[in-house]
Structures are given as structure tokens and as C-alpha cells.
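Chemist: First the structure, then my questions, so here it is.
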Amino acid sequence: MRKPFICGNWKMNTDRKSAVALAQATAKVAQEVKGVEVGAAPPACYLEAVLAAARGTALVVAGQNMHNEAGGAFTGEIAGPMLKDLGCLYVILGHSERRHIFGETDEFISKKVHAAFKFGLKPILCVGEKLEERQATQTEAVVRRHVTAGFAGLSKEQAAQVVVAYEPVWAIGTGLTATPQQAQAVHAFIRKLLTSLYDAALAAEVRIQYGGSVKADNNFDLMSQPDIDGALVGGASLKADGFAKIITEGARAKKV
Ligand code: PEP
């Protein structure tokens with residue numbers, strides 16, 4: 001049984017006060033909605049404050065990114081052991097903003113995935129096509145490349161711990177959401193791919209979130225799809241009430 005997982009990605013937003021208030025409100029919902037794992041990925045500078053607000057609650061905390069090296073001369077970067085030391089459980093890797101604004105490659109992201117496991121963190125591996133790739137019917141080819149590279153060299157035990165976030169780039173922050181059918185088709189494709197990379201039992205274990213303009217009024221339909229196990233939520237995770245509704249709608253969709 002895959003436990004649904006809904007995680008907010010706050011990106012480069014909030015300030016200390018609003019981050020703490022949002023973490024407290026989200027932690028309250030995480031406590032109340034037992035059948036859904038609830039996470040928050042705040043900016044690195046507020047991780048400690050958010051982790052303090054989450055302590056003793058069910059809210060799990062993720063880094064938004066990390067470097068693959070354990071430490072050293074990498075100005076501006078954060079290392080896996082630092083995230084682990086603070087108390088993070090997850091780290092988002094390969095987000096489309098990292099891939100397309102900061103030029104991260106599949107090879108670099110793969111190194112980070114391995115580093116995450118080495119340092120005791122679970123990766124949330126983001127994959128997804130750009131609009132022109134979808135229009136050129138390249139969606140499956142792009143997603144296959146991202147998933148294959150992201151899982152390269154992982155043992156079955158590690159692979160089972162990866163959370164995949166399918167995030168079509170054209171739906172991120174645009175207000176355009178993939179229809180539940182479009183999203184389900186890609187999620188089913190990812191599961192089939194994992195079956196060929198590992199086996200059906202492993203593929204059935206891996207949680208696949210959808211991300212791209214998820215809101216309170218569309219998450220029920222998205223998470224009602226059989227292969228959509230949760231959501232990675234950007235903009236709509238910044239408002240405590242709206243994010244709480246996304247979580248309760250997800251729980252209703254999965255009947256937990
Ligand atoms: C994201 O950046 O992971 C995301 C899904 O953003 P939004 O929900 O704002 O589209």
C-alpha cells in the first residue's frame with residue numbers, strides 16, 4: 001500500500017515569520033490527516049525554524065536541493081550531511097527550475113540521488129517534459145530519460161525509497177494543469193518503466209506525485225487516478241488554508 005504524500009515546495013518565498021506560521025498550520029493538518037504523509041520544503045535559511053515548528057508532529061521536512069559532495073569549496077551550496085544534520089528526511093532533486101534555469105544535467109542529478117542515499121536522505125526526483133517536447137510527442141522519451149538516469153545504479157531497496165514527482169514543465173506555476181487523464185497516462189508510463197528497470201513489485205511500491213498548478217479544486221480529481229500517489233505543490237502550498245484543503249481533498253480521493 002503506497003501512503004499518499006503531499007509536499008509543499010515553497011521555493012524562494014516566505015520570510016522567517018510567515019515560514020514559521022505556515023509550518024505550524026501545516027503541521028496541525030499533518031497531525032489531523034493521518035493517512036497522508038505531509039511535507040514542506042522551505043528555503044534553506046528557514047529550514048531550522050520550520051524543523052523546530054515541525055518537531056513532535058507528523059510534518060516531514062525536505063531540502064529544495066543539495067550538492068552531491070559531502071562538503072568543500074562549493075560557495076553557495078548545501079551538502080547532504082547538512083540537511084541530514086538539521087533533521088530533513090527528504091530532498092527535492094532535479095526540479096525543472098534546477099534543470100532549466102540552472103542547467104543541471106541528468107548526470108549531475110544522478111550523482112545527487114546517490115549522495116542523498118549515502119547521507120541518509122530520501123530523494124524526491126522531479127521529472128517532466130517542456131511544452132515544446134509535449135507538442136513534439138516527446139513526453140515519454142523525456143520522462144524515460146529523466147527516470148532512467150535518476151534511478152541509474154540504485155539497488156532495489158534504494159529505488160523503493162525514491163519519490164518520483166511527475167511535473168510537466170508547462171504546468172508549473174502557469175495555472176495550466178495537466179488533466180487527470182494526461183497525468184495518469186504519464187504516471188502509468190513511469191510505473192511501466194520501473195517494471196522494466198526493476199520488476200512489478202518494485203514499481204508497485206514507488207510513490208509518484210503529480211506537480212503543476214495543483215490547487216484545492218483540482219487535487220481530488222488528480223489524486224483519484226490510480227497511479228497518482230500525491231502532489232508536489234508550489235504556489236498553492238504558500239497559503240495555509242488552501243494547502244490544508246489540498247491535503248484533505250487528497251485524503252478524500254484516496255479514501256484514507
Ligand atoms: C513546483 O514547482 O514543484 C510546482 C508544482 O509549482 P506550482 O504548484 O506553483 O505549479
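Starting from 1 in every chain, residues are counted up; chains themselves are A, B, ... following the order of the C-alpha cells, and ligands are numbered from 1 as listed.
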Within 9 Å of ligand 1, counting only C-alpha atoms and all ligand atoms, which protein or nucleic acid residues do you find, written as number ranges by chain?
Modeler: A: 8-11, 95-97, 126, 165, 167-177, 210-215, 231-237
Chemist: Since we have the selection now, will you write its residues out, keeping C-alpha atoms, as a PDB file, in the first residue's frame?
Modeler:
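Generated output (part_31.pdb):
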```
ATOM      1  CA  GLY A   8       4.754  21.861  -0.423  1.00  0.00           C
ATOM      2  CA  ASN A   9       7.688  23.381  -2.295  1.00  0.00           C
ATOM      3  CA  TRP A  10       7.955  26.939  -1.028  1.00  0.00           C
ATOM      4  CA  LYS A  11      10.729  27.793  -3.489  1.00  0.00           C
ATOM      5  CA  HIS A  95      13.309  20.185 -10.092  1.00  0.00           C
ATOM      6  CA  SER A  96      12.629  21.715 -13.508  1.00  0.00           C
ATOM      7  CA  GLU A  97      13.832  25.093 -12.234  1.00  0.00           C
ATOM      8  CA  CYS A 126      11.377  15.534 -10.363  1.00  0.00           C
ATOM      9  CA  ALA A 165       7.380  13.800  -8.922  1.00  0.00           C
ATOM     10  CA  GLU A 167       5.911  17.705 -13.175  1.00  0.00           C
ATOM     11  CA  PRO A 168       5.165  18.757 -16.743  1.00  0.00           C
ATOM     12  CA  VAL A 169       7.150  21.976 -17.053  1.00  0.00           C
ATOM     13  CA  TRP A 170       4.321  23.695 -18.940  1.00  0.00           C
ATOM     14  CA  ALA A 171       2.047  23.231 -15.910  1.00  0.00           C
ATOM     15  CA  ILE A 172       4.421  24.605 -13.258  1.00  0.00           C
ATOM     16  CA  GLY A 173       3.401  27.991 -11.965  1.00  0.00           C
ATOM     17  CA  THR A 174       1.356  28.660 -15.090  1.00  0.00           C
ATOM     18  CA  GLY A 175      -2.141  27.867 -13.849  1.00  0.00           C
ATOM     19  CA  LEU A 176      -2.298  25.212 -16.594  1.00  0.00           C
ATOM     20  CA  THR A 177      -2.813  21.801 -15.001  1.00  0.00           C
ATOM     21  CA  TYR A 210       1.954  14.917  -9.640  1.00  0.00           C
ATOM     22  CA  GLY A 211       3.069  18.556  -9.689  1.00  0.00           C
ATOM     23  CA  GLY A 212       1.973  21.503 -11.774  1.00  0.00           C
ATOM     24  CA  SER A 213      -0.604  24.049 -10.605  1.00  0.00           C
ATOM     25  CA  VAL A 214      -2.203  21.682  -8.092  1.00  0.00           C
ATOM     26  CA  LYS A 215      -4.915  23.509  -6.165  1.00  0.00           C
ATOM     27  CA  ALA A 231       1.277  16.028  -5.083  1.00  0.00           C
ATOM     28  CA  LEU A 232       4.263  18.343  -5.121  1.00  0.00           C
ATOM     29  CA  VAL A 233       2.696  21.752  -4.712  1.00  0.00           C
ATOM     30  CA  GLY A 234       4.374  25.077  -5.392  1.00  0.00           C
ATOM     31  CA  GLY A 235       2.371  28.295  -5.274  1.00  0.00           C
ATOM     32  CA  ALA A 236      -0.709  26.823  -3.608  1.00  0.00           C
ATOM     33  CA  SER A 237       1.339  25.480  -0.689  1.00  0.00           C
TER      34      SER A 237
END
```
Chemist: Tell me which protein, DNA and RNA residues are within 12 Å of Ser18 of chain A, counting only C-alpha atoms, leaving out same-chain ones fewer than 5 positions away, and put them as a PyMOL selection string.
Modeler: chain A and resi 10+13+23-26+42-43+46+49-50+53+238-240
Chemist: With all heavy atoms retained, write the just-selected residues as a compact mmCIF listing (two decimals), in the first residue's frame.
Modeler:
```txt
# COMPACT_ATOMS: atom_id res chain seq x y z
N TRP A 10 8.14 25.49 -1.23
CA TRP A 10 7.95 26.94 -1.03
C TRP A 10 8.86 27.77 -1.92
O TRP A 10 8.74 29.00 -1.95
CB TRP A 10 8.19 27.30 0.45
CG TRP A 10 7.26 26.61 1.41
CD1 TRP A 10 6.23 25.76 1.11
CD2 TRP A 10 7.29 26.70 2.85
NE1 TRP A 10 5.61 25.33 2.26
CE2 TRP A 10 6.25 25.89 3.34
CE3 TRP A 10 8.09 27.38 3.76
CZ2 TRP A 10 5.98 25.75 4.71
CZ3 TRP A 10 7.84 27.24 5.12
CH2 TRP A 10 6.80 26.44 5.58
N ASN A 13 10.40 31.71 -1.45
CA ASN A 13 9.31 32.53 -0.92
C ASN A 13 9.27 32.43 0.60
O ASN A 13 9.93 31.58 1.18
CB ASN A 13 7.96 32.06 -1.50
CG ASN A 13 7.88 32.28 -2.99
OD1 ASN A 13 7.97 33.42 -3.47
ND2 ASN A 13 7.74 31.21 -3.76
N ALA A 23 4.43 26.67 8.66
CA ALA A 23 4.86 25.36 9.16
C ALA A 23 3.95 24.90 10.30
O ALA A 23 3.55 23.73 10.36
CB ALA A 23 6.31 25.42 9.62
N GLN A 24 3.60 25.82 11.19
CA GLN A 24 2.74 25.45 12.33
C GLN A 24 1.37 25.01 11.83
O GLN A 24 0.83 23.98 12.26
CB GLN A 24 2.60 26.62 13.29
CG GLN A 24 3.86 26.84 14.13
CD GLN A 24 3.87 28.16 14.88
OE1 GLN A 24 3.11 29.08 14.54
NE2 GLN A 24 4.73 28.27 15.88
N ALA A 25 0.81 25.76 10.89
CA ALA A 25 -0.52 25.41 10.36
C ALA A 25 -0.47 24.09 9.61
O ALA A 25 -1.37 23.24 9.74
CB ALA A 25 -1.01 26.54 9.44
N THR A 26 0.60 23.89 8.83
CA THR A 26 0.71 22.66 8.04
C THR A 26 0.95 21.46 8.96
O THR A 26 0.43 20.36 8.71
CB THR A 26 1.83 22.82 6.99
OG1 THR A 26 1.56 23.99 6.21
CG2 THR A 26 1.90 21.63 6.06
N PRO A 42 10.98 24.24 2.72
CA PRO A 42 11.17 25.70 2.83
C PRO A 42 12.52 26.13 2.26
O PRO A 42 13.37 25.28 1.99
CB PRO A 42 11.15 25.93 4.34
CG PRO A 42 11.65 24.66 4.93
CD PRO A 42 11.26 23.55 3.98
N PRO A 43 12.73 27.42 2.08
CA PRO A 43 14.06 27.89 1.70
C PRO A 43 15.08 27.43 2.76
O PRO A 43 14.75 27.32 3.95
CB PRO A 43 13.92 29.42 1.73
CG PRO A 43 12.46 29.68 1.56
CD PRO A 43 11.78 28.53 2.24
N TYR A 46 15.45 28.95 6.22
CA TYR A 46 14.38 28.79 7.22
C TYR A 46 14.18 27.33 7.63
O TYR A 46 13.24 27.02 8.37
CB TYR A 46 13.06 29.38 6.70
CG TYR A 46 13.18 30.85 6.35
CD1 TYR A 46 12.69 31.34 5.15
CD2 TYR A 46 13.82 31.74 7.22
CE1 TYR A 46 12.82 32.70 4.82
CE2 TYR A 46 13.96 33.08 6.89
CZ TYR A 46 13.47 33.55 5.70
OH TYR A 46 13.62 34.87 5.38
N ALA A 49 14.09 26.84 11.45
CA ALA A 49 12.87 27.36 12.08
C ALA A 49 11.67 26.46 11.77
O ALA A 49 10.83 26.19 12.64
CB ALA A 49 12.61 28.78 11.59
N VAL A 50 11.61 25.98 10.54
CA VAL A 50 10.50 25.10 10.14
C VAL A 50 10.63 23.75 10.85
O VAL A 50 9.63 23.19 11.32
CB VAL A 50 10.45 24.97 8.60
CG1 VAL A 50 9.53 23.84 8.16
CG2 VAL A 50 10.01 26.29 7.98
N ALA A 53 9.34 24.04 14.27
CA ALA A 53 7.87 24.05 14.30
C ALA A 53 7.30 22.66 14.04
O ALA A 53 6.21 22.32 14.52
CB ALA A 53 7.34 25.05 13.27
N LEU A 238 1.67 27.85 -0.32
CA LEU A 238 2.08 29.02 0.48
C LEU A 238 0.95 29.62 1.29
O LEU A 238 1.17 30.50 2.12
CB LEU A 238 2.67 30.09 -0.45
CG LEU A 238 3.99 29.70 -1.13
CD1 LEU A 238 4.35 30.69 -2.23
CD2 LEU A 238 5.12 29.60 -0.11
N LYS A 239 -0.28 29.16 1.01
CA LYS A 239 -1.44 29.64 1.76
C LYS A 239 -1.92 28.48 2.62
O LYS A 239 -2.37 27.45 2.08
CB LYS A 239 -2.55 30.08 0.81
CG LYS A 239 -2.17 31.31 -0.03
CD LYS A 239 -2.95 32.52 0.46
CE LYS A 239 -2.36 33.85 0.08
NZ LYS A 239 -1.98 34.03 -1.30
N ALA A 240 -1.86 28.65 3.93
CA ALA A 240 -2.14 27.53 4.84
C ALA A 240 -3.52 26.91 4.59
O ALA A 240 -3.65 25.68 4.54
CB ALA A 240 -2.00 28.00 6.28
```
Chemist: Taking the backbone alone, and naming residues the way the document does, which bits of segment 26-252 of chain A are alpha helix (DSSP H) by DSSP, as a count of residues only?
Modeler: 106
Chemist: Between A:Val29, A:Leu93, A:Leu121, A:Leu83, which is the closest to Gln161 of chain A once you count only C-alpha atoms?
Modeler: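 Of the candidates, the smallest distance to Gln161 of chain A is held by A:Leu121.
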Chemist: Enumerate the residues of segment 42-212 of chain A with a DSSP assignment of strand (DSSP E or B), computed from the backbone, and present them as a ChimeraX atom specification.
Modeler: /A:60-63,67,79,90-93,122-127,163-166,207-211
Chemist: How would the residues just picked look written out with N, CA and C atoms as a PDB file, in the first residue's frame?
Modeler:
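The resulting file, selection24.pdb, is reproduced below:
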```pdb
ATOM      1  N   VAL A  60       6.858  16.311   7.784  1.00  0.00           N
ATOM      2  CA  VAL A  60       8.238  15.994   7.411  1.00  0.00           C
ATOM      3  C   VAL A  60       8.793  17.157   6.590  1.00  0.00           C
ATOM      4  N   VAL A  61      10.104  17.312   6.662  1.00  0.00           N
ATOM      5  CA  VAL A  61      10.720  18.488   6.046  1.00  0.00           C
ATOM      6  C   VAL A  61      11.743  18.040   4.998  1.00  0.00           C
ATOM      7  N   ALA A  62      11.736  18.769   3.886  1.00  0.00           N
ATOM      8  CA  ALA A  62      12.630  18.445   2.769  1.00  0.00           C
ATOM      9  C   ALA A  62      13.493  19.641   2.423  1.00  0.00           C
ATOM     10  N   GLY A  63      14.720  19.365   1.991  1.00  0.00           N
ATOM     11  CA  GLY A  63      15.528  20.405   1.367  1.00  0.00           C
ATOM     12  C   GLY A  63      15.038  20.591  -0.061  1.00  0.00           C
ATOM     13  N   HIS A  67      24.005  19.658  -3.008  1.00  0.00           N
ATOM     14  CA  HIS A  67      25.137  19.271  -3.848  1.00  0.00           C
ATOM     15  C   HIS A  67      25.441  17.808  -3.585  1.00  0.00           C
ATOM     16  N   ALA A  79      25.241  20.790   1.483  1.00  0.00           N
ATOM     17  CA  ALA A  79      25.597  19.370   1.365  1.00  0.00           C
ATOM     18  C   ALA A  79      24.551  18.495   2.058  1.00  0.00           C
ATOM     19  N   TYR A  90      13.768  14.345   3.534  1.00  0.00           N
ATOM     20  CA  TYR A  90      13.732  14.290   2.071  1.00  0.00           C
ATOM     21  C   TYR A  90      14.566  15.417   1.485  1.00  0.00           C
ATOM     22  N   VAL A  91      14.878  15.258   0.202  1.00  0.00           N
ATOM     23  CA  VAL A  91      15.460  16.378  -0.556  1.00  0.00           C
ATOM     24  C   VAL A  91      14.897  16.326  -1.980  1.00  0.00           C
ATOM     25  N   ILE A  92      14.427  17.464  -2.448  1.00  0.00           N
ATOM     26  CA  ILE A  92      13.938  17.565  -3.831  1.00  0.00           C
ATOM     27  C   ILE A  92      15.159  17.639  -4.754  1.00  0.00           C
ATOM     28  N   LEU A  93      15.176  16.797  -5.772  1.00  0.00           N
ATOM     29  CA  LEU A  93      16.298  16.802  -6.726  1.00  0.00           C
ATOM     30  C   LEU A  93      15.756  16.848  -8.156  1.00  0.00           C
ATOM     31  N   LYS A 122      15.986  10.856   1.639  1.00  0.00           N
ATOM     32  CA  LYS A 122      15.209  10.236   0.558  1.00  0.00           C
ATOM     33  C   LYS A 122      14.988  11.270  -0.547  1.00  0.00           C
ATOM     34  N   PRO A 123      15.306  10.920  -1.789  1.00  0.00           N
ATOM     35  CA  PRO A 123      15.122  11.892  -2.864  1.00  0.00           C
ATOM     36  C   PRO A 123      13.673  11.975  -3.355  1.00  0.00           C
ATOM     37  N   ILE A 124      13.256  13.199  -3.631  1.00  0.00           N
ATOM     38  CA  ILE A 124      12.030  13.430  -4.400  1.00  0.00           C
ATOM     39  C   ILE A 124      12.545  13.823  -5.782  1.00  0.00           C
ATOM     40  N   LEU A 125      12.488  12.902  -6.706  1.00  0.00           N
ATOM     41  CA  LEU A 125      13.114  13.073  -8.023  1.00  0.00           C
ATOM     42  C   LEU A 125      12.091  13.651  -9.006  1.00  0.00           C
ATOM     43  N   CYS A 126      12.324  14.883  -9.447  1.00  0.00           N
ATOM     44  CA  CYS A 126      11.377  15.534 -10.363  1.00  0.00           C
ATOM     45  C   CYS A 126      11.726  15.217 -11.812  1.00  0.00           C
ATOM     46  N   VAL A 127      10.711  14.900 -12.561  1.00  0.00           N
ATOM     47  CA  VAL A 127      10.882  14.593 -13.987  1.00  0.00           C
ATOM     48  C   VAL A 127       9.733  15.260 -14.745  1.00  0.00           C
ATOM     49  N   VAL A 163      10.884   8.960  -4.219  1.00  0.00           N
ATOM     50  CA  VAL A 163       9.564   9.506  -4.578  1.00  0.00           C
ATOM     51  C   VAL A 163       9.765  10.203  -5.913  1.00  0.00           C
ATOM     52  N   VAL A 164       9.003   9.800  -6.916  1.00  0.00           N
ATOM     53  CA  VAL A 164       9.090  10.474  -8.214  1.00  0.00           C
ATOM     54  C   VAL A 164       8.022  11.565  -8.234  1.00  0.00           C
ATOM     55  N   ALA A 165       8.396  12.750  -8.718  1.00  0.00           N
ATOM     56  CA  ALA A 165       7.380  13.800  -8.922  1.00  0.00           C
ATOM     57  C   ALA A 165       7.312  14.065 -10.421  1.00  0.00           C
ATOM     58  N   TYR A 166       6.184  13.667 -11.023  1.00  0.00           N
ATOM     59  CA  TYR A 166       5.996  13.993 -12.446  1.00  0.00           C
ATOM     60  C   TYR A 166       5.463  15.415 -12.529  1.00  0.00           C
ATOM     61  N   ARG A 207       6.251   5.662  -4.924  1.00  0.00           N
ATOM     62  CA  ARG A 207       5.223   6.705  -4.940  1.00  0.00           C
ATOM     63  C   ARG A 207       5.533   7.736  -6.018  1.00  0.00           C
ATOM     64  N   ILE A 208       4.500   8.074  -6.769  1.00  0.00           N
ATOM     65  CA  ILE A 208       4.663   9.044  -7.859  1.00  0.00           C
ATOM     66  C   ILE A 208       3.698  10.204  -7.613  1.00  0.00           C
ATOM     67  N   GLN A 209       4.284  11.362  -7.313  1.00  0.00           N
ATOM     68  CA  GLN A 209       3.469  12.568  -7.096  1.00  0.00           C
ATOM     69  C   GLN A 209       3.250  13.262  -8.435  1.00  0.00           C
ATOM     70  N   TYR A 210       2.153  14.020  -8.504  1.00  0.00           N
ATOM     71  CA  TYR A 210       1.954  14.917  -9.640  1.00  0.00           C
ATOM     72  C   TYR A 210       2.253  16.337  -9.164  1.00  0.00           C
ATOM     73  N   GLY A 211       2.857  17.142 -10.022  1.00  0.00           N
ATOM     74  CA  GLY A 211       3.069  18.556  -9.689  1.00  0.00           C
ATOM     75  C   GLY A 211       2.846  19.425 -10.905  1.00  0.00           C
TER      76      GLY A 211
END
```
Chemist: Smallest atom-to-atom distance to Asn219 of chain A: which of A:Ala203, A:Ile247, A:Val33, A:Leu197, using only C-alpha atoms?
Modeler: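 Among the listed residues, the smallest separation from Asn219 of chain A belongs to A:Ile247.
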Chemist: For Thr139 of chain A, which of A:Ala27, A:His187, A:Ile6, A:Asp221 is the closest residue, counting only C-alpha atoms?
Modeler: A:His187
Chemist: Between A:Lys34, A:Lys3, A:Lys112, A:Lys255, single out the one closest to Leu154 of chain A, counting only C-alpha atoms.
Modeler: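 Ranked by minimum distance to Leu154 of chain A, first place goes to A:Lys112.
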Chemist: Within 12 Å of Gly71 of chain A, counting only C-alpha atoms, which residues qualify if same-chain residues fewer than 3 places away don't, as a ChimeraX atom specification?
Modeler: /A:66-68,74-83,115,119
